[in-house]
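The structure appears right after this line, and notes come after that.
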Amino acid sequence: MTVKPHDMSRHLPRQTQPELEHALSRTPDLGYEASDEVGIISCLSHGFPTPLARWHYHDEYELHLITATSGKVFVGDWIGYFQPGQLVLTGPRLPHNWVSMDLPEGGVPERDLVIQFPHGPIAASAEHIPELREVLPLLERAGHGVEFFGMGEQAQAHWRRIKQARGGQRFAAFCDFLTDLARSTDYRLLSSVQIQSVDNHHQLDQINAIVERVMDNLGEEFSVSALAQELGMSDSQFSRFFRRATGNTFTEFVNRIRVNRACQLLRESRRFIADISLEVGFNSMANFNRRFQDIKGMTPSDYRKQSGVRFGLHERGV
C-alpha cells in the first residue's frame with residue numbers, strides 16, 4: 001500500500017535550524033549557558049521532547065551523552081540504537097538526531113548532556129602547544145561520528161566538572177575529557193561517509209519532516225514518486241536531494257530504520273519473527289531476511305540467538 005498524499009508542512013518547524021539555534025542560544029531556561037559567561041566550550045543539558053531534538057547540523061563539534069530513555073539515533077548515513085550511557089562525538093556539519101521511543105508520559109527533564117566546541121581555536125592552539133596535538137586524530141575521526149563504549153559514568157563526571165568550572169579551570173577540565181577520549185580504544189566510527197549536510201535550511205526542514213514521517217508510520221509503504229510530488233520535485237531530484245542529505249537512498253534509509261526496529265524487538269521480546277517482520281513493514285519474509293542479512297550480516301534468528309551473549313542490552317553491531 002502506498003502512503004496517501006500527506007501535508008508535510010504540519011511536521012515543519014516555524015524556524016529553520018540555524019535560526020532556531022541562534023534564538024535558543026540566548027535562552028538559558030532551555031539548557032544553554034549564557035554566552036557572556038563562557039568561552040569556546042559550551043555545556044548544554046536538555047530533556048525530551050524539546051525543539052532542540054531534530055534532524056540538524058551545526059558548525060561545532062558536539063559531545064553527546066544520553067542519560068535517560070532509549071530509541072533511534074541518526075548520525076550521517078548511520079542509523080542505530082541508543083540507551084542511557086551512550087556517548088557520541090559528532091564533527092562539524094555532520095547531521096544527527098536522537099529520537100526517544102520509550103518516553104514516559106510528560107517526557108523526561110534530562111535526557112542529554114552536551115558539550116559543543118569549535119574547530120579553529122583547538123587546531124590553531126595545537127600548532128603552538130604540542131600537548132594538544134594528541135587530540136587531532138580524534139577530531140579527524142569525528143567527521144564520521146564516533147561512539148565510545150564503557151564511558152557513560154566517566155563522561156557524566158567530566159561533563160559536570162566542566163559545567164561547574166570557568167576560565168582556565170574549564171579549559172583544563174575540557175582538555176582532560178578530550179584526552180581521555182583520544183586515548184580510548186573502545187570506540188567505533190558511525191557514518192560510512194563524512195557527510196556535510198545541505199546548506200539549504202528549508203530542505204533540512206523537509207528531511208526532518210520525512211524522518212519523522214517514516215518513524216511514525218514504519219509499517220506502511222512509502223512511494224518516492226508521491227514524496228517527490230509533495231515536495232515539488234521530480235523523482236530523480238528527490239533521490240539526489242535525499243541521498244546528499246542522509247548518505248542513503250530513500251529505500252536504504254527506510255530499510256535501515258525497519259531493520260533497526262526489528263533488532264530491538266528481537267532483543268526485547270520473544271515474538272514470532274514473522275510477526276516482527278510485518279510490524280516493521282516487510283510484507284515478505286524472504287525480503288525481510290534478505291534486507292536483515294544485508295544490513296546486519298546475519299539472519300534475524302541468528303541475531304536473536306547472539307544478542308544476549310554478544311550485545312547484552314546494548315547493540316554494538318552496525
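Identifiers for the C-alpha cells are assigned positionally: chains receive A, B, ... in sequence, residues are indexed from 1 per chain, and ligands are indexed from 1 in the order shown.
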Could you list, with a cut-off of 12 Å and counting only C-alpha atoms, the residues of range 34-140 of chain A near range 182-193 of chain A, each shown with its nearest atom pair and the distance in Å rounded to one decimal, rows sorted by chain and ascending number, as JSON lines?
```
{"residue": "A:Val73", "atom": "CA", "partner": "A:Leu190", "partner_atom": "CA", "distance": 10.5}
{"residue": "A:Phe74", "atom": "CA", "partner": "A:Ser191", "partner_atom": "CA", "distance": 9.0}
{"residue": "A:Val75", "atom": "CA", "partner": "A:Ser191", "partner_atom": "CA", "distance": 6.1}
{"residue": "A:Gly76", "atom": "CA", "partner": "A:Ser191", "partner_atom": "CA", "distance": 5.1}
{"residue": "A:Asp77", "atom": "CA", "partner": "A:Ser191", "partner_atom": "CA", "distance": 5.1}
{"residue": "A:Trp78", "atom": "CA", "partner": "A:Ser191", "partner_atom": "CA", "distance": 4.9}
{"residue": "A:Ile79", "atom": "CA", "partner": "A:Leu190", "partner_atom": "CA", "distance": 8.4}
{"residue": "A:Gly80", "atom": "CA", "partner": "A:Leu190", "partner_atom": "CA", "distance": 8.9}
{"residue": "A:Tyr81", "atom": "CA", "partner": "A:Leu190", "partner_atom": "CA", "distance": 11.7}
{"residue": "A:Gln86", "atom": "CA", "partner": "A:Tyr187", "partner_atom": "CA", "distance": 11.1}
{"residue": "A:Leu87", "atom": "CA", "partner": "A:Tyr187", "partner_atom": "CA", "distance": 9.7}
{"residue": "A:Val88", "atom": "CA", "partner": "A:Leu190", "partner_atom": "CA", "distance": 9.3}
{"residue": "A:Leu89", "atom": "CA", "partner": "A:Leu189", "partner_atom": "CA", "distance": 9.7}
{"residue": "A:Thr90", "atom": "CA", "partner": "A:Leu190", "partner_atom": "CA", "distance": 9.5}
{"residue": "A:Gly91", "atom": "CA", "partner": "A:Ser191", "partner_atom": "CA", "distance": 10.9}
{"residue": "A:Leu94", "atom": "CA", "partner": "A:Ser191", "partner_atom": "CA", "distance": 9.1}
{"residue": "A:Pro95", "atom": "CA", "partner": "A:Ser191", "partner_atom": "CA", "distance": 10.0}
{"residue": "A:His96", "atom": "CA", "partner": "A:Ser191", "partner_atom": "CA", "distance": 10.1}
{"residue": "A:Leu132", "atom": "CA", "partner": "A:Ala182", "partner_atom": "CA", "distance": 10.5}
{"residue": "A:Arg133", "atom": "CA", "partner": "A:Ala182", "partner_atom": "CA", "distance": 10.2}
{"residue": "A:Glu134", "atom": "CA", "partner": "A:Ala182", "partner_atom": "CA", "distance": 6.9}
{"residue": "A:Val135", "atom": "CA", "partner": "A:Ala182", "partner_atom": "CA", "distance": 5.4}
{"residue": "A:Leu136", "atom": "CA", "partner": "A:Ala182", "partner_atom": "CA", "distance": 8.3}
{"residue": "A:Pro137", "atom": "CA", "partner": "A:Ala182", "partner_atom": "CA", "distance": 7.5}
{"residue": "A:Leu138", "atom": "CA", "partner": "A:Ala182", "partner_atom": "CA", "distance": 5.4}
{"residue": "A:Leu139", "atom": "CA", "partner": "A:Ala182", "partner_atom": "CA", "distance": 8.6}
{"residue": "A:Glu140", "atom": "CA", "partner": "A:Ala182", "partner_atom": "CA", "distance": 10.7}
```
Pull N, CA, C and O atoms from the residues just selected and write them as an mmCIF file, in the first residue's frame.
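Below is the file that was written, again00.cif:
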```cif
data_model
loop_
_atom_site.group_PDB
_atom_site.id
_atom_site.type_symbol
_atom_site.label_atom_id
_atom_site.label_comp_id
_atom_site.auth_asym_id
_atom_site.auth_seq_id
_atom_site.Cartn_x
_atom_site.Cartn_y
_atom_site.Cartn_z
ATOM 1 N N VAL A 73 19.015 6.537 16.918
ATOM 2 C CA VAL A 73 19.983 7.615 16.726
ATOM 3 C C VAL A 73 20.407 7.635 15.268
ATOM 4 O O VAL A 73 20.616 6.586 14.650
ATOM 5 N N PHE A 74 20.494 8.837 14.712
ATOM 6 C CA PHE A 74 20.895 9.058 13.325
ATOM 7 C C PHE A 74 22.162 9.910 13.336
ATOM 8 O O PHE A 74 22.165 11.010 13.887
ATOM 9 N N VAL A 75 23.227 9.412 12.721
ATOM 10 C CA VAL A 75 24.467 10.178 12.580
ATOM 11 C C VAL A 75 24.950 9.991 11.154
ATOM 12 O O VAL A 75 25.381 8.892 10.781
ATOM 13 N N GLY A 76 24.877 11.034 10.345
ATOM 14 C CA GLY A 76 25.226 10.895 8.941
ATOM 15 C C GLY A 76 24.359 9.850 8.286
ATOM 16 O O GLY A 76 23.135 9.901 8.359
ATOM 17 N N ASP A 77 24.992 8.845 7.656
ATOM 18 C CA ASP A 77 24.215 7.791 6.999
ATOM 19 C C ASP A 77 23.979 6.600 7.923
ATOM 20 O O ASP A 77 23.480 5.565 7.485
ATOM 21 N N TRP A 78 24.327 6.726 9.210
ATOM 22 C CA TRP A 78 24.206 5.612 10.149
ATOM 23 C C TRP A 78 22.933 5.738 10.969
ATOM 24 O O TRP A 78 22.569 6.832 11.418
ATOM 25 N N ILE A 79 22.265 4.612 11.171
ATOM 26 C CA ILE A 79 21.069 4.548 11.993
ATOM 27 C C ILE A 79 21.281 3.443 13.016
ATOM 28 O O ILE A 79 21.610 2.311 12.658
ATOM 29 N N GLY A 80 21.122 3.747 14.279
ATOM 30 C CA GLY A 80 21.366 2.761 15.317
ATOM 31 C C GLY A 80 20.442 2.922 16.503
ATOM 32 O O GLY A 80 19.449 3.650 16.454
ATOM 33 N N TYR A 81 20.812 2.251 17.575
ATOM 34 C CA TYR A 81 20.013 2.201 18.800
ATOM 35 C C TYR A 81 20.776 2.904 19.909
ATOM 36 O O TYR A 81 21.998 2.785 20.005
ATOM 37 N N GLN A 86 25.102 6.127 26.358
ATOM 38 C CA GLN A 86 25.724 6.264 25.042
ATOM 39 C C GLN A 86 26.438 7.609 24.943
ATOM 40 O O GLN A 86 25.901 8.655 25.294
ATOM 41 N N LEU A 87 27.660 7.570 24.438
ATOM 42 C CA LEU A 87 28.472 8.774 24.257
ATOM 43 C C LEU A 87 28.934 8.837 22.810
ATOM 44 O O LEU A 87 29.574 7.913 22.317
ATOM 45 N N VAL A 88 28.613 9.946 22.128
ATOM 46 C CA VAL A 88 28.929 10.113 20.708
ATOM 47 C C VAL A 88 29.570 11.479 20.492
ATOM 48 O O VAL A 88 29.126 12.487 21.059
ATOM 49 N N LEU A 89 30.613 11.514 19.672
ATOM 50 C CA LEU A 89 31.220 12.762 19.225
ATOM 51 C C LEU A 89 30.911 12.950 17.749
ATOM 52 O O LEU A 89 31.249 12.091 16.930
ATOM 53 N N THR A 90 30.267 14.058 17.412
ATOM 54 C CA THR A 90 29.987 14.374 16.010
ATOM 55 C C THR A 90 30.822 15.566 15.585
ATOM 56 O O THR A 90 31.065 16.490 16.359
ATOM 57 N N GLY A 91 31.252 15.545 14.320
ATOM 58 C CA GLY A 91 32.066 16.619 13.783
ATOM 59 C C GLY A 91 31.215 17.741 13.219
ATOM 60 O O GLY A 91 29.987 17.634 13.115
ATOM 61 N N LEU A 94 28.022 17.566 10.532
ATOM 62 C CA LEU A 94 27.580 16.183 10.360
ATOM 63 C C LEU A 94 26.162 16.071 10.923
ATOM 64 O O LEU A 94 25.951 16.254 12.129
ATOM 65 N N PRO A 95 25.155 15.794 10.097
ATOM 66 C CA PRO A 95 23.778 15.768 10.605
ATOM 67 C C PRO A 95 23.550 14.637 11.591
ATOM 68 O O PRO A 95 24.119 13.552 11.453
ATOM 69 N N HIS A 96 22.688 14.897 12.590
ATOM 70 C CA HIS A 96 22.439 13.902 13.633
ATOM 71 C C HIS A 96 21.107 14.180 14.311
ATOM 72 O O HIS A 96 20.561 15.276 14.233
ATOM 73 N N LEU A 132 48.433 19.485 22.861
ATOM 74 C CA LEU A 132 47.098 19.414 22.262
ATOM 75 C C LEU A 132 47.061 18.568 20.995
ATOM 76 O O LEU A 132 45.988 18.192 20.536
ATOM 77 N N ARG A 133 48.223 18.282 20.416
ATOM 78 C CA ARG A 133 48.245 17.556 19.142
ATOM 79 C C ARG A 133 47.725 16.133 19.295
ATOM 80 O O ARG A 133 47.300 15.520 18.315
ATOM 81 N N GLU A 134 47.736 15.630 20.508
ATOM 82 C CA GLU A 134 47.249 14.278 20.752
ATOM 83 C C GLU A 134 45.770 14.120 20.376
ATOM 84 O O GLU A 134 45.328 13.024 20.026
ATOM 85 N N VAL A 135 44.994 15.211 20.437
ATOM 86 C CA VAL A 135 43.551 15.102 20.191
ATOM 87 C C VAL A 135 43.198 15.286 18.720
ATOM 88 O O VAL A 135 42.039 15.057 18.338
ATOM 89 N N LEU A 136 44.144 15.688 17.874
ATOM 90 C CA LEU A 136 43.813 15.970 16.475
ATOM 91 C C LEU A 136 43.304 14.742 15.713
ATOM 92 O O LEU A 136 42.352 14.852 14.922
ATOM 93 N N PRO A 137 43.886 13.539 15.898
ATOM 94 C CA PRO A 137 43.304 12.368 15.226
ATOM 95 C C PRO A 137 41.862 12.104 15.650
ATOM 96 O O PRO A 137 41.040 11.660 14.837
ATOM 97 N N LEU A 138 41.548 12.368 16.922
ATOM 98 C CA LEU A 138 40.165 12.211 17.389
ATOM 99 C C LEU A 138 39.235 13.147 16.640
ATOM 100 O O LEU A 138 38.137 12.743 16.214
ATOM 101 N N LEU A 139 39.642 14.385 16.453
ATOM 102 C CA LEU A 139 38.803 15.357 15.747
ATOM 103 C C LEU A 139 38.621 14.953 14.287
ATOM 104 O O LEU A 139 37.554 15.183 13.706
ATOM 105 N N GLU A 140 39.647 14.357 13.704
ATOM 106 C CA GLU A 140 39.513 13.861 12.326
ATOM 107 C C GLU A 140 38.485 12.743 12.255
ATOM 108 O O GLU A 140 37.640 12.710 11.353
#
```
Would you mind writing down, as JSON, numbers by chain, each residue of range 59-298 of chain A that DSSP on the backbone assigns to alpha helix (DSSP H)? {"A": [120, 121, 122, 123, 124, 125, 126, 127, 128, 136, 137, 138, 139, 140, 141, 152, 153, 154, 155, 156, 157, 158, 159, 160, 161, 162, 163, 164, 167, 168, 169, 170, 171, 172, 173, 174, 175, 176, 177, 178, 179, 180, 181, 182, 183, 201, 202, 203, 204, 205, 206, 207, 208, 209, 210, 211, 212, 213, 214, 215, 216, 224, 225, 226, 227, 228, 229, 230, 235, 236, 237, 238, 239, 240, 241, 242, 243, 244, 245, 246, 250, 251, 252, 253, 254, 255, 256, 257, 258, 259, 260, 261, 262, 263, 264, 265, 266, 267, 268, 273, 274, 275, 276, 277, 278, 279, 285, 286, 287, 288, 289, 290, 291, 292, 293, 294, 295, 296]}
What's around Asn255 in chain A at 10 Å? Count only C-alpha atoms, leave out sequence neighbours fewer than 2 positions away in its own chain, and write the answer as a list in words.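 My list of contacting residues is Leu218, Thr249, Phe250, Thr251, Glu252, Phe253, Ile257, Arg258, Val259, Asn260, Arg261, Val280, Gly281, Phe282, Phe288, Arg291, Phe292 and Ile295 of chain A.
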Please write the residues from the selection above to a file, keeping N, CA and C atoms, as a PDB file, in the first residue's frame.
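Result file is again21.pdb:
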```
ATOM      1  N   LEU A 218       5.999   3.327  10.364  1.00  0.00           N
ATOM      2  CA  LEU A 218       7.013   2.360   9.941  1.00  0.00           C
ATOM      3  C   LEU A 218       6.416   1.180   9.185  1.00  0.00           C
ATOM      4  N   THR A 249      20.067   6.180  -0.064  1.00  0.00           N
ATOM      5  CA  THR A 249      18.874   6.337  -0.880  1.00  0.00           C
ATOM      6  C   THR A 249      17.668   6.269   0.054  1.00  0.00           C
ATOM      7  N   PHE A 250      16.512   6.727  -0.415  1.00  0.00           N
ATOM      8  CA  PHE A 250      15.341   6.707   0.449  1.00  0.00           C
ATOM      9  C   PHE A 250      14.987   5.272   0.838  1.00  0.00           C
ATOM     10  N   THR A 251      15.073   4.349  -0.103  1.00  0.00           N
ATOM     11  CA  THR A 251      14.768   2.944   0.188  1.00  0.00           C
ATOM     12  C   THR A 251      15.732   2.373   1.210  1.00  0.00           C
ATOM     13  N   GLU A 252      17.037   2.668   1.059  1.00  0.00           N
ATOM     14  CA  GLU A 252      18.022   2.200   2.034  1.00  0.00           C
ATOM     15  C   GLU A 252      17.729   2.758   3.421  1.00  0.00           C
ATOM     16  N   PHE A 253      17.361   4.023   3.457  1.00  0.00           N
ATOM     17  CA  PHE A 253      17.068   4.688   4.725  1.00  0.00           C
ATOM     18  C   PHE A 253      15.901   4.010   5.433  1.00  0.00           C
ATOM     19  N   ILE A 257      15.959   1.778   9.052  1.00  0.00           N
ATOM     20  CA  ILE A 257      15.111   2.055  10.215  1.00  0.00           C
ATOM     21  C   ILE A 257      14.280   0.823  10.566  1.00  0.00           C
ATOM     22  N   ARG A 258      13.726   0.164   9.553  1.00  0.00           N
ATOM     23  CA  ARG A 258      12.899  -1.018   9.808  1.00  0.00           C
ATOM     24  C   ARG A 258      13.722  -2.146  10.431  1.00  0.00           C
ATOM     25  N   VAL A 259      14.902  -2.387   9.902  1.00  0.00           N
ATOM     26  CA  VAL A 259      15.745  -3.464  10.442  1.00  0.00           C
ATOM     27  C   VAL A 259      16.189  -3.110  11.855  1.00  0.00           C
ATOM     28  N   ASN A 260      16.497  -1.835  12.090  1.00  0.00           N
ATOM     29  CA  ASN A 260      16.910  -1.427  13.428  1.00  0.00           C
ATOM     30  C   ASN A 260      15.793  -1.644  14.435  1.00  0.00           C
ATOM     31  N   ARG A 261      14.565  -1.324  14.048  1.00  0.00           N
ATOM     32  CA  ARG A 261      13.428  -1.565  14.936  1.00  0.00           C
ATOM     33  C   ARG A 261      13.226  -3.069  15.143  1.00  0.00           C
ATOM     34  N   VAL A 280       7.252  -4.154  11.272  1.00  0.00           N
ATOM     35  CA  VAL A 280       8.198  -3.131  10.839  1.00  0.00           C
ATOM     36  C   VAL A 280       8.086  -2.820   9.352  1.00  0.00           C
ATOM     37  N   GLY A 281       7.132  -3.433   8.654  1.00  0.00           N
ATOM     38  CA  GLY A 281       6.851  -3.005   7.292  1.00  0.00           C
ATOM     39  C   GLY A 281       7.304  -3.913   6.177  1.00  0.00           C
ATOM     40  N   PHE A 282       7.759  -5.145   6.509  1.00  0.00           N
ATOM     41  CA  PHE A 282       8.132  -6.100   5.468  1.00  0.00           C
ATOM     42  C   PHE A 282       6.992  -7.096   5.289  1.00  0.00           C
ATOM     43  N   PHE A 288      12.441  -9.614   4.088  1.00  0.00           N
ATOM     44  CA  PHE A 288      12.903  -9.242   5.418  1.00  0.00           C
ATOM     45  C   PHE A 288      14.234  -9.915   5.735  1.00  0.00           C
ATOM     46  N   ARG A 291      17.059  -8.328   3.525  1.00  0.00           N
ATOM     47  CA  ARG A 291      17.468  -6.989   3.958  1.00  0.00           C
ATOM     48  C   ARG A 291      18.173  -7.045   5.309  1.00  0.00           C
ATOM     49  N   PHE A 292      17.688  -7.881   6.198  1.00  0.00           N
ATOM     50  CA  PHE A 292      18.323  -8.026   7.511  1.00  0.00           C
ATOM     51  C   PHE A 292      19.751  -8.541   7.352  1.00  0.00           C
ATOM     52  N   ILE A 295      22.109  -5.814   6.025  1.00  0.00           N
ATOM     53  CA  ILE A 295      22.429  -4.735   6.947  1.00  0.00           C
ATOM     54  C   ILE A 295      23.165  -5.230   8.183  1.00  0.00           C
TER      55      ILE A 295
END
```
Return as a tab-separated table (two decimals) with all heavy atoms, in the first residue's frame the full set of residues in range 92-279 of chain A whose backbone-based DSSP assignment is strand (DSSP E or B).
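Just written: out_37.tsv:
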```tsv
chain	number	residue	atom	x	y	z
A	96	HIS	N	22.69	14.90	12.59
A	96	HIS	CA	22.44	13.90	13.63
A	96	HIS	C	21.11	14.18	14.31
A	96	HIS	O	20.56	15.28	14.23
A	96	HIS	CB	23.57	13.91	14.67
A	96	HIS	CG	23.88	15.28	15.23
A	96	HIS	ND1	24.78	16.13	14.65
A	96	HIS	CD2	23.39	15.93	16.31
A	96	HIS	CE1	24.85	17.25	15.33
A	96	HIS	NE2	24.01	17.17	16.36
A	97	ASN	N	20.62	13.16	15.01
A	97	ASN	CA	19.36	13.29	15.76
A	97	ASN	C	19.19	12.06	16.65
A	97	ASN	O	19.62	10.96	16.29
A	97	ASN	CB	18.16	13.40	14.81
A	97	ASN	CG	16.89	13.79	15.54
A	97	ASN	OD1	16.93	14.36	16.63
A	97	ASN	ND2	15.75	13.48	14.94
A	98	TRP	N	18.59	12.26	17.82
A	98	TRP	CA	18.23	11.19	18.73
A	98	TRP	C	16.72	11.25	18.95
A	98	TRP	O	16.18	12.32	19.30
A	98	TRP	CB	18.94	11.34	20.08
A	98	TRP	CG	20.35	10.88	20.12
A	98	TRP	CD1	20.83	9.71	20.65
A	98	TRP	CD2	21.52	11.56	19.63
A	98	TRP	NE1	22.20	9.63	20.52
A	98	TRP	CE2	22.65	10.75	19.90
A	98	TRP	CE3	21.72	12.80	18.98
A	98	TRP	CZ2	23.94	11.12	19.54
A	98	TRP	CZ3	23.00	13.17	18.63
A	98	TRP	CH2	24.09	12.34	18.91
A	99	VAL	N	16.03	10.12	18.73
A	99	VAL	CA	14.57	10.07	18.88
A	99	VAL	C	14.21	9.02	19.92
A	99	VAL	O	14.42	7.82	19.70
A	99	VAL	CB	13.87	9.73	17.54
A	99	VAL	CG1	12.36	9.71	17.73
A	99	VAL	CG2	14.26	10.74	16.45
A	100	SER	N	13.69	9.44	21.08
A	100	SER	CA	13.32	8.51	22.14
A	100	SER	C	12.06	7.74	21.76
A	100	SER	O	11.09	8.32	21.28
A	100	SER	CB	13.08	9.26	23.45
A	100	SER	OG	14.28	9.84	23.92
A	108	VAL	N	10.82	13.56	29.80
A	108	VAL	CA	11.85	13.47	30.84
A	108	VAL	C	12.55	14.83	30.95
A	108	VAL	O	12.77	15.50	29.93
A	108	VAL	CB	12.88	12.37	30.55
A	108	VAL	CG1	12.26	10.99	30.66
A	108	VAL	CG2	13.51	12.55	29.16
A	109	PRO	N	12.93	15.25	32.16
A	109	PRO	CA	13.54	16.57	32.33
A	109	PRO	C	14.99	16.63	31.87
A	109	PRO	O	15.49	17.70	31.53
A	109	PRO	CB	13.44	16.82	33.84
A	109	PRO	CG	13.41	15.45	34.44
A	109	PRO	CD	12.66	14.59	33.46
A	110	GLU	N	15.70	15.50	31.90
A	110	GLU	CA	17.08	15.47	31.42
A	110	GLU	C	17.31	14.19	30.64
A	110	GLU	O	17.16	13.10	31.16
A	110	GLU	CB	18.08	15.54	32.58
A	110	GLU	CG	19.54	15.53	32.11
A	110	GLU	CD	20.53	15.34	33.23
A	110	GLU	OE1	20.90	16.36	33.83
A	110	GLU	OE2	20.92	14.18	33.51
A	111	ARG	N	17.66	14.35	29.37
A	111	ARG	CA	17.98	13.20	28.53
A	111	ARG	C	19.39	13.31	27.95
A	111	ARG	O	20.05	12.30	27.70
A	111	ARG	CB	16.99	13.06	27.37
A	111	ARG	CG	17.14	11.77	26.59
A	111	ARG	CD	16.42	11.79	25.25
A	111	ARG	NE	17.05	12.69	24.29
A	111	ARG	CZ	16.81	12.67	22.97
A	111	ARG	NH1	15.93	11.82	22.47
A	111	ARG	NH2	17.40	13.53	22.16
A	112	ASP	N	19.84	14.54	27.74
A	112	ASP	CA	21.07	14.78	27.01
A	112	ASP	C	21.99	15.73	27.78
A	112	ASP	O	21.56	16.78	28.26
A	112	ASP	CB	20.78	15.44	25.65
A	112	ASP	CG	19.74	14.68	24.84
A	112	ASP	OD1	18.56	14.70	25.22
A	112	ASP	OD2	20.12	14.10	23.82
A	113	LEU	N	23.26	15.34	27.88
A	113	LEU	CA	24.31	16.23	28.37
A	113	LEU	C	25.27	16.46	27.19
A	113	LEU	O	25.82	15.51	26.64
A	113	LEU	CB	25.06	15.61	29.55
A	113	LEU	CG	24.23	15.30	30.80
A	113	LEU	CD1	25.11	14.68	31.88
A	113	LEU	CD2	23.54	16.55	31.32
A	114	VAL	N	25.44	17.72	26.82
A	114	VAL	CA	26.12	18.05	25.56
A	114	VAL	C	27.25	19.05	25.82
A	114	VAL	O	27.13	19.94	26.67
A	114	VAL	CB	25.11	18.67	24.57
A	114	VAL	CG1	25.79	19.11	23.29
A	114	VAL	CG2	23.99	17.68	24.27
A	115	ILE	N	28.34	18.89	25.09
A	115	ILE	CA	29.41	19.88	25.06
A	115	ILE	C	29.65	20.24	23.59
A	115	ILE	O	29.85	19.35	22.76
A	115	ILE	CB	30.71	19.36	25.69
A	115	ILE	CG1	30.52	19.07	27.17
A	115	ILE	CG2	31.85	20.37	25.48
A	115	ILE	CD1	31.71	18.40	27.82
A	116	GLN	N	29.64	21.52	23.28
A	116	GLN	CA	29.94	22.00	21.93
A	116	GLN	C	31.22	22.82	21.96
A	116	GLN	O	31.45	23.59	22.90
A	116	GLN	CB	28.79	22.84	21.38
A	116	GLN	CG	27.52	22.05	21.10
A	116	GLN	CD	26.43	22.91	20.50
A	116	GLN	OE1	26.48	24.13	20.54
A	116	GLN	NE2	25.42	22.26	19.93
A	117	PHE	N	32.05	22.66	20.91
A	117	PHE	CA	33.28	23.43	20.82
A	117	PHE	C	33.68	23.55	19.35
A	117	PHE	O	33.40	22.67	18.54
A	117	PHE	CB	34.41	22.78	21.64
A	117	PHE	CG	34.76	21.38	21.22
A	117	PHE	CD1	35.83	21.13	20.36
A	117	PHE	CD2	34.04	20.29	21.71
A	117	PHE	CE1	36.16	19.84	19.99
A	117	PHE	CE2	34.36	18.99	21.33
A	117	PHE	CZ	35.42	18.76	20.47
A	146	VAL	N	31.74	9.37	16.19
A	146	VAL	CA	32.43	8.34	16.96
A	146	VAL	C	31.58	7.98	18.16
A	146	VAL	O	31.18	8.86	18.93
A	146	VAL	CB	33.82	8.82	17.45
A	146	VAL	CG1	34.57	7.67	18.12
A	146	VAL	CG2	34.63	9.42	16.32
A	147	GLU	N	31.30	6.69	18.34
A	147	GLU	CA	30.61	6.21	19.53
A	147	GLU	C	31.63	5.53	20.44
A	147	GLU	O	32.38	4.65	20.01
A	147	GLU	CB	29.50	5.23	19.18
A	147	GLU	CG	28.75	4.73	20.42
A	147	GLU	CD	27.60	3.78	20.08
A	147	GLU	OE1	27.49	3.37	18.89
A	147	GLU	OE2	26.84	3.44	21.00
A	148	PHE	N	31.66	5.94	21.71
A	148	PHE	CA	32.57	5.37	22.70
A	148	PHE	C	31.80	4.42	23.62
A	148	PHE	O	30.65	4.68	23.97
A	148	PHE	CB	33.21	6.49	23.54
A	148	PHE	CG	33.97	7.48	22.73
A	148	PHE	CD1	33.33	8.61	22.23
A	148	PHE	CD2	35.31	7.30	22.45
A	148	PHE	CE1	34.02	9.55	21.47
A	148	PHE	CE2	36.02	8.22	21.69
A	148	PHE	CZ	35.37	9.35	21.20
A	187	TYR	N	35.92	2.10	20.71
A	187	TYR	CA	35.02	3.01	20.01
A	187	TYR	C	34.75	2.44	18.62
A	187	TYR	O	35.41	1.50	18.17
A	187	TYR	CB	35.64	4.41	19.89
A	187	TYR	CG	36.84	4.49	18.97
A	187	TYR	CD1	36.70	4.66	17.59
A	187	TYR	CD2	38.14	4.39	19.48
A	187	TYR	CE1	37.80	4.71	16.76
A	187	TYR	CE2	39.25	4.44	18.66
A	187	TYR	CZ	39.07	4.62	17.28
A	187	TYR	OH	40.16	4.68	16.45
A	188	ARG	N	33.79	3.05	17.94
A	188	ARG	CA	33.57	2.72	16.53
A	188	ARG	C	33.17	3.98	15.78
A	188	ARG	O	32.57	4.91	16.34
A	188	ARG	CB	32.48	1.66	16.35
A	188	ARG	CG	31.10	2.10	16.80
A	188	ARG	CD	30.04	1.09	16.41
A	188	ARG	NE	28.76	1.39	17.06
A	188	ARG	CZ	27.66	0.70	16.86
A	188	ARG	NH1	27.65	-0.33	16.04
A	188	ARG	NH2	26.54	1.03	17.50
A	189	LEU	N	33.52	4.02	14.50
A	189	LEU	CA	33.06	5.08	13.62
A	189	LEU	C	31.66	4.75	13.13
A	189	LEU	O	31.34	3.58	12.90
A	189	LEU	CB	34.02	5.25	12.44
A	189	LEU	CG	35.48	5.53	12.77
A	189	LEU	CD1	36.28	5.78	11.50
A	189	LEU	CD2	35.62	6.71	13.72
A	221	GLU	N	3.86	1.43	3.44
A	221	GLU	CA	4.73	1.56	2.28
A	221	GLU	C	4.89	3.03	1.96
A	221	GLU	O	4.00	3.84	2.19
A	221	GLU	CB	4.15	0.82	1.07
A	221	GLU	CG	4.21	-0.69	1.19
A	221	GLU	CD	3.76	-1.37	-0.09
A	221	GLU	OE1	3.75	-0.70	-1.14
A	221	GLU	OE2	3.40	-2.56	-0.03
```
Write out as a PyMOL selection string each polymer residue whose atoms come within 8 Å of Asp102 in chain A, counting only C-alpha atoms; drop sequence neighbours fewer than 6 positions from it. chain A and resi 69-71
Contacts between range 47-55 of chain A and range 158-276 of chain A, please, where a residue of range 158-276 of chain A counts if it comes within 9 Å (with only C-alpha atoms); show its shortest atom pair and distance in Å to one decimal, rows by chain and ascending number, as JSON lines.
```
{"residue": "A:Leu204", "atom": "CA", "partner": "A:Trp55", "partner_atom": "CA", "distance": 7.4}
{"residue": "A:Asp205", "atom": "CA", "partner": "A:Trp55", "partner_atom": "CA", "distance": 7.9}
{"residue": "A:Ile207", "atom": "CA", "partner": "A:Trp55", "partner_atom": "CA", "distance": 7.3}
{"residue": "A:Asn208", "atom": "CA", "partner": "A:Trp55", "partner_atom": "CA", "distance": 5.1}
{"residue": "A:Ala209", "atom": "CA", "partner": "A:Trp55", "partner_atom": "CA", "distance": 8.7}
{"residue": "A:Val211", "atom": "CA", "partner": "A:Trp55", "partner_atom": "CA", "distance": 7.8}
{"residue": "A:Glu212", "atom": "CA", "partner": "A:Arg54", "partner_atom": "CA", "distance": 8.9}
```
